[in-house]
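**Q** Sharing input_33.tsv, TSV, C-alpha atoms:
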```tsv
chain	number	residue	atom	x	y	z
A	17	MET	CA	10.94	18.47	3.85
A	18	THR	CA	10.67	19.77	0.29
A	19	ALA	CA	11.92	16.78	-1.73
A	20	GLU	CA	9.37	14.42	-3.24
A	21	PRO	CA	8.52	11.63	-0.79
A	22	ILE	CA	9.85	8.15	-1.50
A	23	VAL	CA	6.50	6.70	-0.39
A	24	HIS	CA	3.44	8.75	-1.28
A	25	VAL	CA	-0.05	7.50	-0.40
A	26	ARG	CA	-3.34	9.36	-0.67
A	27	GLY	CA	-6.76	7.94	0.15
A	28	ALA	CA	-5.65	4.30	-0.01
A	29	ARG	CA	-8.38	1.70	0.41
A	30	ARG	CA	-8.40	-2.07	0.55
A	31	ARG	CA	-11.38	-4.39	0.84
A	32	TYR	CA	-11.97	-8.06	1.59
A	33	GLY	CA	-15.46	-8.67	0.27
A	34	THR	CA	-17.68	-6.17	2.08
A	35	PHE	CA	-15.13	-5.52	4.84
A	36	GLU	CA	-12.87	-2.50	4.32
A	37	ALA	CA	-9.55	-3.06	6.10
A	38	VAL	CA	-7.89	0.15	4.86
A	39	ARG	CA	-10.19	3.15	4.79
A	40	GLY	CA	-8.65	6.18	3.12
A	41	VAL	CA	-5.10	6.31	4.48
A	42	ASP	CA	-2.68	9.16	3.65
A	43	LEU	CA	1.03	8.73	4.31
A	44	ASP	CA	4.34	10.19	3.10
A	45	VAL	CA	7.78	8.78	3.89
A	46	HIS	CA	10.84	10.78	2.82
A	47	ARG	CA	14.31	9.57	1.90
A	48	GLY	CA	16.36	8.38	4.86
A	49	GLU	CA	13.35	8.54	7.17
A	50	LEU	CA	11.83	5.78	9.29
A	51	VAL	CA	8.09	5.92	9.83
A	52	ALA	CA	6.63	3.45	12.33
A	53	LEU	CA	3.07	2.26	11.82
A	54	LEU	CA	1.40	1.35	15.10
A	55	GLY	CA	-1.95	-0.19	15.95
A	56	THR	CA	-3.53	-3.13	17.68
A	57	ASN	CA	-4.17	-6.42	15.89
A	58	GLY	CA	-6.84	-5.84	13.27
A	59	ALA	CA	-6.11	-2.12	12.88
A	60	GLY	CA	-5.20	-2.64	9.20
A	61	LYS	CA	-1.41	-2.19	9.38
A	62	THR	CA	-0.41	-5.29	7.40
A	63	SER	CA	-3.18	-4.78	4.86
A	64	PHE	CA	-1.95	-1.23	4.28
A	65	VAL	CA	1.74	-2.13	4.10
A	66	GLU	CA	1.02	-4.84	1.51
A	67	LEU	CA	-0.40	-2.09	-0.74
A	68	VAL	CA	2.79	-0.07	-0.43
A	69	GLU	CA	4.96	-3.15	-0.97
A	70	GLY	CA	3.08	-3.85	-4.19
A	71	LEU	CA	1.84	-7.23	-2.99
A	72	ALA	CA	-1.78	-6.23	-3.58
A	73	PRO	CA	-3.62	-3.57	-5.60
A	74	ALA	CA	-5.40	-0.71	-3.87
A	75	ASP	CA	-9.19	-0.64	-4.22
A	76	GLY	CA	-9.06	3.14	-4.19
A	77	GLY	CA	-6.72	6.08	-3.82
A	78	THR	CA	-3.13	6.57	-4.97
A	79	VAL	CA	-0.07	4.55	-3.91
A	80	ARG	CA	3.38	5.50	-5.21
A	81	VAL	CA	6.84	4.19	-4.26
A	82	LEU	CA	9.85	5.82	-5.94
A	83	GLY	CA	7.34	7.62	-8.14
A	84	ARG	CA	5.67	4.44	-9.46
A	85	ASP	CA	2.65	2.31	-8.71
A	86	PRO	CA	4.30	-0.56	-6.78
A	87	TYR	CA	1.70	-3.11	-7.92
A	88	ARG	CA	1.15	-2.24	-11.58
A	89	GLU	CA	4.78	-1.22	-12.19
A	90	ARG	CA	6.29	-3.80	-9.89
A	91	ARG	CA	9.10	-4.84	-12.26
A	92	GLN	CA	10.43	-1.27	-12.31
A	93	VAL	CA	10.57	-0.90	-8.50
A	94	VAL	CA	11.02	-4.36	-7.00
A	95	GLY	CA	14.81	-4.30	-7.37
A	96	SER	CA	14.94	-1.24	-5.11
A	97	LEU	CA	12.80	-2.75	-2.36
A	98	GLY	CA	13.62	-4.89	0.64
A	99	ILE	CA	10.65	-6.64	2.22
A	100	MET	CA	10.58	-8.46	5.54
A	101	LEU	CA	7.21	-10.12	5.98
A	102	GLN	CA	5.82	-11.45	9.25
A	103	SER	CA	6.60	-14.93	7.93
A	104	ALA	CA	8.78	-15.43	4.86
A	105	GLY	CA	8.15	-19.15	4.45
A	106	PHE	CA	11.62	-20.18	3.26
A	107	SER	CA	12.26	-23.89	2.70
A	108	GLY	CA	13.12	-25.66	5.91
A	109	ASP	CA	15.19	-28.25	4.03
A	110	LEU	CA	17.86	-25.75	2.94
A	111	THR	CA	20.65	-24.61	5.21
A	112	VAL	CA	20.97	-20.99	6.21
A	113	ALA	CA	23.88	-20.50	3.79
A	114	GLU	CA	22.04	-22.24	0.93
A	115	THR	CA	19.00	-20.06	1.53
A	116	ALA	CA	21.13	-16.91	1.50
A	117	ARG	CA	22.95	-17.94	-1.72
A	118	THR	CA	19.65	-18.81	-3.41
A	119	TRP	CA	18.18	-15.45	-2.45
A	120	ALA	CA	21.30	-13.61	-3.63
A	121	GLY	CA	20.79	-15.19	-7.05
A	122	THR	CA	17.44	-13.37	-7.39
A	123	LEU	CA	18.96	-9.92	-6.78
A	124	THR	CA	20.73	-7.62	-9.21
A	125	ARG	CA	23.15	-6.22	-6.62
A	126	ALA	CA	23.44	-8.65	-3.74
A	127	ARG	CA	25.88	-8.22	-0.88
A	128	PRO	CA	27.99	-11.32	-0.11
A	129	PRO	CA	25.78	-13.80	1.78
A	130	ALA	CA	28.46	-14.37	4.42
A	131	ASP	CA	28.58	-10.63	5.18
A	132	VAL	CA	24.82	-10.39	5.53
A	133	LEU	CA	24.60	-13.44	7.79
A	134	GLY	CA	27.40	-12.05	9.92
A	135	ALA	CA	25.59	-8.73	10.28
A	136	VAL	CA	22.59	-10.46	11.89
A	137	GLY	CA	24.66	-12.89	13.95
A	138	LEU	CA	23.88	-16.03	11.97
A	139	ASP	CA	27.31	-16.77	10.51
A	140	HIS	CA	27.87	-19.53	13.08
A	141	ARG	CA	24.56	-21.14	12.00
A	142	ALA	CA	25.32	-21.13	8.27
A	143	ASP	CA	25.30	-24.94	7.92
A	144	VAL	CA	22.15	-25.45	9.99
A	145	ARG	CA	18.88	-26.25	8.21
A	146	VAL	CA	16.30	-23.48	8.36
A	147	ALA	CA	13.80	-25.87	9.96
A	148	SER	CA	16.14	-26.23	12.94
A	149	LEU	CA	16.40	-22.52	13.66
A	150	SER	CA	14.60	-20.97	16.59
A	151	GLY	CA	11.82	-18.48	15.95
A	152	GLY	CA	14.14	-15.58	16.71
A	153	GLU	CA	16.85	-16.94	14.40
A	154	LYS	CA	14.32	-17.25	11.58
A	155	ARG	CA	13.40	-13.60	12.07
A	156	ARG	CA	17.09	-12.66	11.82
A	157	LEU	CA	17.39	-14.69	8.61
A	158	ASP	CA	14.34	-12.85	7.24
A	159	LEU	CA	16.04	-9.53	8.04
A	160	ALA	CA	19.30	-10.64	6.44
A	161	LEU	CA	17.60	-11.49	3.16
A	162	ALA	CA	15.47	-8.33	3.19
A	163	THR	CA	18.60	-6.19	3.47
A	164	MET	CA	20.87	-8.23	1.18
A	165	GLY	CA	20.20	-6.08	-1.88
A	166	ASP	CA	20.98	-2.74	-0.18
A	167	PRO	CA	17.41	-1.58	-0.85
A	168	GLU	CA	16.45	2.04	-1.27
A	169	VAL	CA	13.20	1.31	0.54
A	170	LEU	CA	12.96	-1.27	3.33
A	171	PHE	CA	9.66	-2.62	4.66
A	172	LEU	CA	9.83	-4.25	8.07
A	173	ASP	CA	6.69	-6.01	9.32
A	174	GLU	CA	7.13	-6.86	13.02
A	175	PRO	CA	10.88	-7.45	12.55
A	176	THR	CA	11.81	-8.20	16.16
A	177	THR	CA	8.95	-10.49	17.18
A	178	GLY	CA	10.44	-13.45	19.02
A	179	LEU	CA	13.87	-11.86	19.51
A	180	ASP	CA	15.54	-11.63	22.90
A	181	PRO	CA	16.39	-8.10	24.13
A	182	GLU	CA	20.03	-8.34	23.02
A	183	SER	CA	19.09	-9.47	19.49
A	184	ARG	CA	16.39	-6.80	19.33
A	185	ARG	CA	18.89	-4.05	20.07
A	186	ALA	CA	21.33	-5.51	17.57
A	187	THR	CA	18.58	-5.35	14.97
A	188	TRP	CA	17.92	-1.73	15.86
A	189	GLY	CA	21.61	-1.01	15.34
A	190	LEU	CA	21.54	-2.63	11.89
A	191	VAL	CA	18.44	-0.66	10.86
A	192	GLN	CA	19.92	2.58	12.20
A	193	GLY	CA	23.04	2.00	10.12
A	194	MET	CA	20.92	1.62	7.00
A	195	LEU	CA	19.02	4.81	7.84
A	196	ASP	CA	22.31	6.65	8.23
A	197	ALA	CA	23.27	5.42	4.75
A	198	GLY	CA	20.05	6.86	3.27
A	199	THR	CA	17.69	3.89	3.24
A	200	THR	CA	14.00	4.73	3.70
A	201	VAL	CA	12.11	2.47	6.12
A	202	LEU	CA	8.45	1.76	6.81
A	203	LEU	CA	8.13	-0.27	10.00
A	204	THR	CA	5.19	-1.97	11.69
A	205	THR	CA	5.75	-2.98	15.29
A	206	HIS	CA	3.96	-3.80	18.53
A	207	TYR	CA	7.00	-2.70	20.54
A	208	LEU	CA	6.44	0.95	21.46
A	209	GLU	CA	10.03	1.17	22.72
A	210	GLU	CA	11.14	0.18	19.22
A	211	ALA	CA	9.15	3.02	17.68
A	212	GLU	CA	10.54	5.50	20.22
A	213	GLN	CA	14.09	4.31	19.56
A	214	LEU	CA	14.02	4.34	15.76
A	215	ALA	CA	11.17	6.37	14.33
A	216	ASP	CA	11.40	9.87	12.92
A	217	ARG	CA	7.63	9.85	12.80
A	218	ILE	CA	4.86	7.49	13.83
A	219	ALA	CA	1.37	6.89	12.48
A	220	ILE	CA	-1.21	5.17	14.66
A	221	MET	CA	-3.92	3.17	12.87
A	222	LYS	CA	-7.33	2.25	14.20
A	223	ALA	CA	-10.11	0.52	12.27
A	224	GLY	CA	-8.33	1.05	8.96
A	225	ARG	CA	-7.57	4.74	9.38
A	226	VAL	CA	-4.61	6.79	10.62
A	227	VAL	CA	-5.96	8.48	13.73
A	228	ARG	CA	-2.79	10.27	14.86
A	229	SER	CA	0.58	10.97	13.24
A	230	GLY	CA	3.68	13.04	13.81
A	231	SER	CA	6.93	12.78	15.73
A	232	VAL	CA	6.89	10.83	19.00
A	233	ALA	CA	7.04	14.17	20.84
A	234	ASP	CA	4.09	15.51	18.82
A	235	VAL	CA	1.94	12.48	19.56
A	236	VAL	CA	2.88	12.33	23.24
A	237	ALA	CA	2.18	16.06	23.65
A	238	THR	CA	-1.51	15.42	22.96
A	239	GLU	CA	-1.81	13.57	26.29
A	240	PRO	CA	-1.66	15.16	29.77
A	241	ALA	CA	1.18	14.65	32.23
A	242	VAL	CA	0.57	12.68	35.43
A	243	VAL	CA	1.33	13.73	39.02
A	244	GLU	CA	1.06	11.30	41.94
A	245	LEU	CA	1.79	12.06	45.59
A	246	VAL	CA	1.04	11.26	49.23
A	247	VAL	CA	0.33	14.13	51.65
A	248	ARG	CA	1.79	14.04	55.19
A	249	ASN	CA	1.80	16.53	58.05
A	250	ASP	CA	4.84	17.75	59.98
A	251	GLY	CA	4.68	14.73	62.25
A	252	GLY	CA	4.82	12.34	59.32
A	253	ARG	CA	1.21	11.22	59.61
A	254	GLN	CA	-0.54	10.69	56.29
A	255	VAL	CA	-3.29	13.14	55.46
A	256	THR	CA	-5.98	12.14	53.02
A	257	PRO	CA	-7.21	15.24	51.20
A	258	THR	CA	-10.37	15.38	49.18
A	259	ALA	CA	-10.28	16.78	45.67
A	260	ALA	CA	-11.82	19.95	47.09
A	261	ASP	CA	-8.94	20.36	49.58
A	262	LEU	CA	-6.38	20.64	46.80
A	263	PRO	CA	-5.52	24.01	45.24
A	264	ALA	CA	-6.98	25.22	41.99
A	265	LEU	CA	-4.72	23.99	39.21
A	266	ALA	CA	-4.45	25.71	35.83
A	267	GLY	CA	-4.05	22.63	33.64
A	268	VAL	CA	-5.79	19.86	35.54
A	269	VAL	CA	-7.82	17.46	33.39
A	270	GLY	CA	-10.92	16.06	35.09
A	271	THR	CA	-11.10	15.66	38.85
A	272	PRO	CA	-8.03	14.67	40.89
A	273	ASP	CA	-8.38	11.09	42.13
A	274	VAL	CA	-7.67	10.05	45.73
A	275	ASP	CA	-7.49	6.27	46.05
A	276	ARG	CA	-8.28	4.16	49.11
A	277	THR	CA	-4.67	4.41	50.33
A	278	GLY	CA	-4.83	8.22	50.24
A	279	ARG	CA	-2.55	8.57	47.23
A	280	VAL	CA	-3.46	11.54	45.04
A	281	ARG	CA	-3.32	11.21	41.27
A	282	LEU	CA	-4.07	13.95	38.80
A	283	ARG	CA	-3.54	14.68	35.12
A	284	THR	CA	-2.45	18.06	33.83
A	285	THR	CA	-1.62	19.82	30.60
A	286	ARG	CA	0.57	22.34	32.49
A	287	LEU	CA	2.91	20.16	34.49
A	288	GLN	CA	5.43	22.80	35.63
A	289	ASP	CA	2.80	25.38	36.65
A	290	ASP	CA	0.62	22.92	38.53
A	291	LEU	CA	3.54	21.23	40.25
A	292	PHE	CA	4.74	24.66	41.47
A	293	THR	CA	1.22	25.42	42.77
A	294	LEU	CA	1.08	22.12	44.65
A	295	LEU	CA	4.46	22.75	46.28
A	296	GLN	CA	3.40	26.27	47.36
A	297	TRP	CA	0.12	24.90	48.72
A	298	ALA	CA	1.92	22.25	50.77
A	299	ASP	CA	4.53	24.69	52.08
A	300	ALA	CA	1.89	27.18	53.24
A	301	ARG	CA	0.13	24.44	55.23
A	302	HIS	CA	3.31	22.81	56.58
A	303	LEU	CA	2.61	19.64	54.65
A	304	ARG	CA	5.02	17.28	52.89
A	305	LEU	CA	4.44	15.78	49.48
A	306	ASP	CA	5.94	12.31	49.78
A	307	ASP	CA	6.43	9.72	47.03
A	308	LEU	CA	6.08	12.58	44.55
A	309	ASP	CA	6.07	11.29	40.98
A	310	ALA	CA	5.63	13.88	38.21
A	311	ARG	CA	6.08	12.66	34.66
A	312	SER	CA	5.24	13.67	31.14
A	313	ALA	CA	2.98	11.45	29.10
A	314	SER	CA	4.49	8.41	27.38
A	315	LEU	CA	3.93	6.97	23.93
A	316	GLU	CA	2.24	4.02	25.60
A	317	GLN	CA	-0.19	6.36	27.35
A	318	ALA	CA	-1.01	8.15	24.10
A	319	PHE	CA	-1.39	4.85	22.23
A	320	LEU	CA	-3.73	3.35	24.84
A	321	ALA	CA	-5.80	6.54	25.02
A	322	LEU	CA	-6.34	6.52	21.25
A	323	ASP	CA	-7.20	2.83	21.26
A	324	ALA	CA	-9.74	3.30	24.06
A	325	ALA	CA	-11.32	6.41	22.55
A	326	PRO	CA	-14.69	6.04	20.79
A	327	GLY	CA	-14.15	5.85	17.05
A	328	ASP	CA	-14.79	3.87	13.94
A	329	THR	CA	-16.14	0.39	14.32
A	330	ASP	CA	-16.27	-2.36	11.75
A	331	ASP	CA	-19.14	-2.24	9.32
A	332	GLY	CA	-19.81	-5.96	9.49
A	333	THR	CA	-18.75	-9.22	11.02
A	334	ARG	CA	-15.25	-10.26	10.02
A	335	THR	CA	-14.49	-13.75	8.88
A	336	ARG	CA	-11.38	-15.45	10.21
A	337	ALA	CA	-9.67	-14.82	6.88
A	338	GLU	CA	-10.46	-11.10	7.10
A	339	GLU	CA	-9.15	-10.92	10.67
A	340	ALA	CA	-5.90	-12.58	9.61
A	341	ALA	CA	-5.47	-10.31	6.60
A	342	ALA	CA	-6.06	-7.12	8.60
```
Spit out the file's structure as structure tokens when you get a sec.
**A**
Amino acid sequence: MTAEPIVHVRGARRRYGTFEAVRGVDLDVHRGELVALLGTNGAGKTSFVELVEGLAPADGGTVRVLGRDPYRERRQVVGSLGIMLQSAGFSGDLTVAETARTWAGTLTRARPPADVLGAVGLDHRADVRVASLSGGEKRRLDLALATMGDPEVLFLDEPTTGLDPESRRATWGLVQGMLDAGTTVLLTTHYLEEAEQLADRIAIMKAGRVVRSGSVADVVATEPAVVELVVRNDGGRQVTPTAADLPALAGVVGTPDVDRTGRVRLRTTRLQDDLFTLLQWADARHLRLDDLDARSASLEQAFLALDAAPGDTDDGTRTRAEEAAA
């Protein structure tokens, strides 16, 4: 992409006392693009997103949204932003409709509250007090208000937590419609399926840094494919090969594993070549490869591998407040 990014971050840092929750993050998000920020609890996702939303100043580096510092020039950019926090904290005493009308009054170009509530499936709950909503309904109300102003940039922090599968997919449809209309989205989520469904690119954070980024395909391609099988002879009897019995494979990673049931499991960076070699090997020895399961790596596999890999550790003991903020 050649156009200037809508979100441009270089070397962003954020500290809580001596603890550094965001440690030199770079990130660009272009117009009409959705970037998903992934990471386990405490990775620094929320602390980083709050910098980009303009809710806190960076302790170092450069943060720009629509060409401006979102914290120091907040008045110039806030009207173009939609922000869905993990918990919005709206008054429980107001009804859903009253909350939507009140929020619309703070916006310069608000969509009709009834339309927004209908889009998230809350029109039938308009006269219900917010305190009486379920957790999933409150998340849908948060999304409705975040999108009410037709924002140029939409920040979604765990938007589908607490939603049932049907509501989650409806939310995805709403977000996809906004993307198609040119809205730029930065999403944090624990649902890897959500990232795979929506994201143009993902960035995985660990200990306050982005440790891997790119398209889902790019990130997944860094992990080996997996092949699992059971070997049987012509008579159908299971044969338990040792790793040494198997053919030499061009892309195998590590040593093939044979578990106590005799099932063979191996990882390979050259799935097609090594699968062909295994089939030739079995055919030449009149063996059958039963329960054959050959699959490319998944985003979950790549995510778990990065999380388990040795890397940065915290420089000190976190307080409870620091854990919550990160």
**Q** Pick the closest to A:Val79 from A:Ala162, A:Val23, A:Ala300, A:Leu54: which is it, counting all atoms listed in the file?
**A**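 Comparing A:Ala162, A:Val23, A:Ala300, A:Leu54 against A:Val79, the winner is A:Val23.
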**Q** Which value, in Å to one decimal, gives the distance between atom CA of A:Ala310 and atom CA of A:Val242?
**A** 5.9 Å
**Q** Starting from the point (-3.3, 18.4, 27.7), work out which residues of protein, DNA or RNA have an atom no more than 8 Å away when counting only C-alpha atoms; state them as an mmCIF file with C-alpha atoms, in the coordinates of the input.
**A**
```cif
data_model
loop_
_atom_site.group_PDB
_atom_site.id
_atom_site.type_symbol
_atom_site.label_atom_id
_atom_site.label_comp_id
_atom_site.auth_asym_id
_atom_site.auth_seq_id
_atom_site.Cartn_x
_atom_site.Cartn_y
_atom_site.Cartn_z
ATOM 1 C CA ALA A 237 2.180 16.060 23.650
ATOM 2 C CA THR A 238 -1.510 15.420 22.960
ATOM 3 C CA GLU A 239 -1.810 13.570 26.290
ATOM 4 C CA PRO A 240 -1.660 15.160 29.770
ATOM 5 C CA ALA A 241 1.180 14.650 32.230
ATOM 6 C CA GLY A 267 -4.050 22.630 33.640
ATOM 7 C CA VAL A 269 -7.820 17.460 33.390
ATOM 8 C CA THR A 284 -2.450 18.060 33.830
ATOM 9 C CA THR A 285 -1.620 19.820 30.600
ATOM 10 C CA ARG A 286 0.570 22.340 32.490
#
```
**Q** Suppose you want the space between atom CA of A:Leu82 and atom CA of A:Gly121; what is it in Å?
**A** 23.7 Å
**Q** When distances are computed from only C-alpha atoms, which of A:His206, A:Val201, A:Ala259, A:Gly95 shows the smallest separation from A:Thr271?
**A**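 For A:Thr271, the nearest of the given residues is A:Ala259.
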**Q** Could you name the residues that touch A:Arg155 at 9 Å or less, counting only C-alpha atoms, but leaving out those on the same chain fewer than 5 positions away, as a list in words?
**A**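 What passes the distance filter is Met100, Gln102, Ser103, Ala104, Ser150, Ala160, Pro175, Thr176, Thr177, Gly178 and Leu179 of chain A.
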**Q** Using all atoms listed in the file, which of A:Ala318, A:Asp42, A:Glu49, A:Val243 sits nearest A:Ala215?
**A**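 So, comparing all the options, the nearest one is A:Glu49.
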**Q** Go ahead and compute the interatomic distance for atom CA of A:Ser96 and atom CA of A:Leu170, in Å to one decimal.
**A**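 Between atom CA of A:Ser96 and atom CA of A:Leu170 the gap is 8.7 Å.
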**Q** Looking at A:Arg301, A:Asp180, A:Leu291, A:Asp166, which one is nearest to A:Asp261, with distances taken over only C-alpha atoms?
**A**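 Residue with the minimum atom-to-atom distance to A:Asp261: A:Arg301.
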**Q** Taking into account all atoms listed in the file, which residue in the set A:Leu320, A:Val81, A:Val146, A:Arg185 is nearest to A:Glu168?
**A**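 Selected residue with least distance to A:Glu168: A:Val81.
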**Q** Report as a ChimeraX atom specification all protein, DNA and RNA residues lying within 9 Å of A:Arg141, evaluated on all atoms listed in the file, omitting residues in the same chain fewer than 5 positions from it.
**A** /A:111-113,133,149
**Q** Near A:Leu110, counting only C-alpha atoms, which residues have an atom at most 8 Å away, once you skip same-chain residues fewer than 3 positions from it, shown as JSON, numbers by chain?
**A** {"A": [107, 114, 115, 145, 146]}
**Q** May I have the residues within 8 Å of A:Gly77 as a VMD selection string, using all atoms listed in the file and disregarding those fewer than 2 positions away in the same chain?
**A** chain A and resid 25 to 29 40 74 to 75 79
**Q** When distances are computed from only C-alpha atoms, which of A:Asp143, A:Pro272, A:Leu202, A:Val132 shows the smallest separation from A:Asp216?
**A**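 When distances to A:Asp216 are compared using only C-alpha atoms, the smallest one comes from A:Leu202.
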**Q** Compile the contact shell of A:Gly70 as a list in words: residues with an atom at most 12 Å away, counting all atoms listed in the file, same-chain residues fewer than 6 positions apart removed.
**A**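 Surrounding residues, per the criterion: Val23, Ser63, Phe64, Val79, Arg80, Val81, Leu82, Arg84, Asp85, Pro86, Tyr87, Arg88, Glu89, Arg90, Arg91, Gln92, Val93, Val94, Leu97, Gly98, Ile99 and Phe171 of chain A.
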**Q** Regenerate stretch 104-119 of chain A at the level of N, CA, C and O atoms and dump it as a CSV table (one decimal), in the coordinates of the input.
**A**
```csv
chain,number,residue,atom,x,y,z
A,104,ALA,N,8.3,-15.4,6.2
A,104,ALA,CA,8.8,-15.4,4.9
A,104,ALA,C,8.5,-16.8,4.2
A,104,ALA,O,8.4,-16.9,3.0
A,105,GLY,N,8.5,-17.8,5.0
A,105,GLY,CA,8.2,-19.2,4.4
A,105,GLY,C,9.3,-19.8,3.6
A,105,GLY,O,9.0,-20.5,2.6
A,106,PHE,N,10.5,-19.6,4.0
A,106,PHE,CA,11.6,-20.2,3.3
A,106,PHE,C,11.7,-21.7,3.5
A,106,PHE,O,11.2,-22.2,4.6
A,107,SER,N,12.2,-22.4,2.6
A,107,SER,CA,12.3,-23.9,2.7
A,107,SER,C,13.1,-24.3,3.9
A,107,SER,O,14.2,-23.9,4.1
A,108,GLY,N,12.4,-25.2,4.7
A,108,GLY,CA,13.1,-25.7,5.9
A,108,GLY,C,14.2,-26.7,5.6
A,108,GLY,O,15.0,-27.0,6.5
A,109,ASP,N,14.2,-27.2,4.4
A,109,ASP,CA,15.2,-28.2,4.0
A,109,ASP,C,16.6,-27.7,3.7
A,109,ASP,O,17.6,-28.4,3.7
A,110,LEU,N,16.6,-26.4,3.3
A,110,LEU,CA,17.9,-25.8,2.9
A,110,LEU,C,18.6,-25.3,4.2
A,110,LEU,O,18.0,-25.0,5.2
A,111,THR,N,19.9,-25.2,4.1
A,111,THR,CA,20.6,-24.6,5.2
A,111,THR,C,20.5,-23.1,5.1
A,111,THR,O,20.1,-22.5,4.1
A,112,VAL,N,21.0,-22.4,6.2
A,112,VAL,CA,21.0,-21.0,6.2
A,112,VAL,C,21.8,-20.4,5.1
A,112,VAL,O,21.4,-19.5,4.3
A,113,ALA,N,23.0,-21.0,4.8
A,113,ALA,CA,23.9,-20.5,3.8
A,113,ALA,C,23.3,-20.8,2.4
A,113,ALA,O,23.3,-19.9,1.5
A,114,GLU,N,22.7,-21.9,2.2
A,114,GLU,CA,22.0,-22.2,0.9
A,114,GLU,C,20.9,-21.3,0.7
A,114,GLU,O,20.7,-20.8,-0.5
A,115,THR,N,20.1,-21.0,1.7
A,115,THR,CA,19.0,-20.1,1.5
A,115,THR,C,19.5,-18.7,1.1
A,115,THR,O,19.0,-18.0,0.2
A,116,ALA,N,20.6,-18.2,1.8
A,116,ALA,CA,21.1,-16.9,1.5
A,116,ALA,C,21.7,-16.9,0.1
A,116,ALA,O,21.5,-15.9,-0.6
A,117,ARG,N,22.4,-17.9,-0.4
A,117,ARG,CA,23.0,-17.9,-1.7
A,117,ARG,C,21.8,-18.0,-2.8
A,117,ARG,O,21.9,-17.3,-3.8
A,118,THR,N,20.8,-18.7,-2.5
A,118,THR,CA,19.6,-18.8,-3.4
A,118,THR,C,19.0,-17.4,-3.5
A,118,THR,O,18.7,-17.0,-4.7
A,119,TRP,N,18.8,-16.8,-2.4
A,119,TRP,CA,18.2,-15.4,-2.4
A,119,TRP,C,19.1,-14.4,-3.2
A,119,TRP,O,18.6,-13.6,-4.0
```
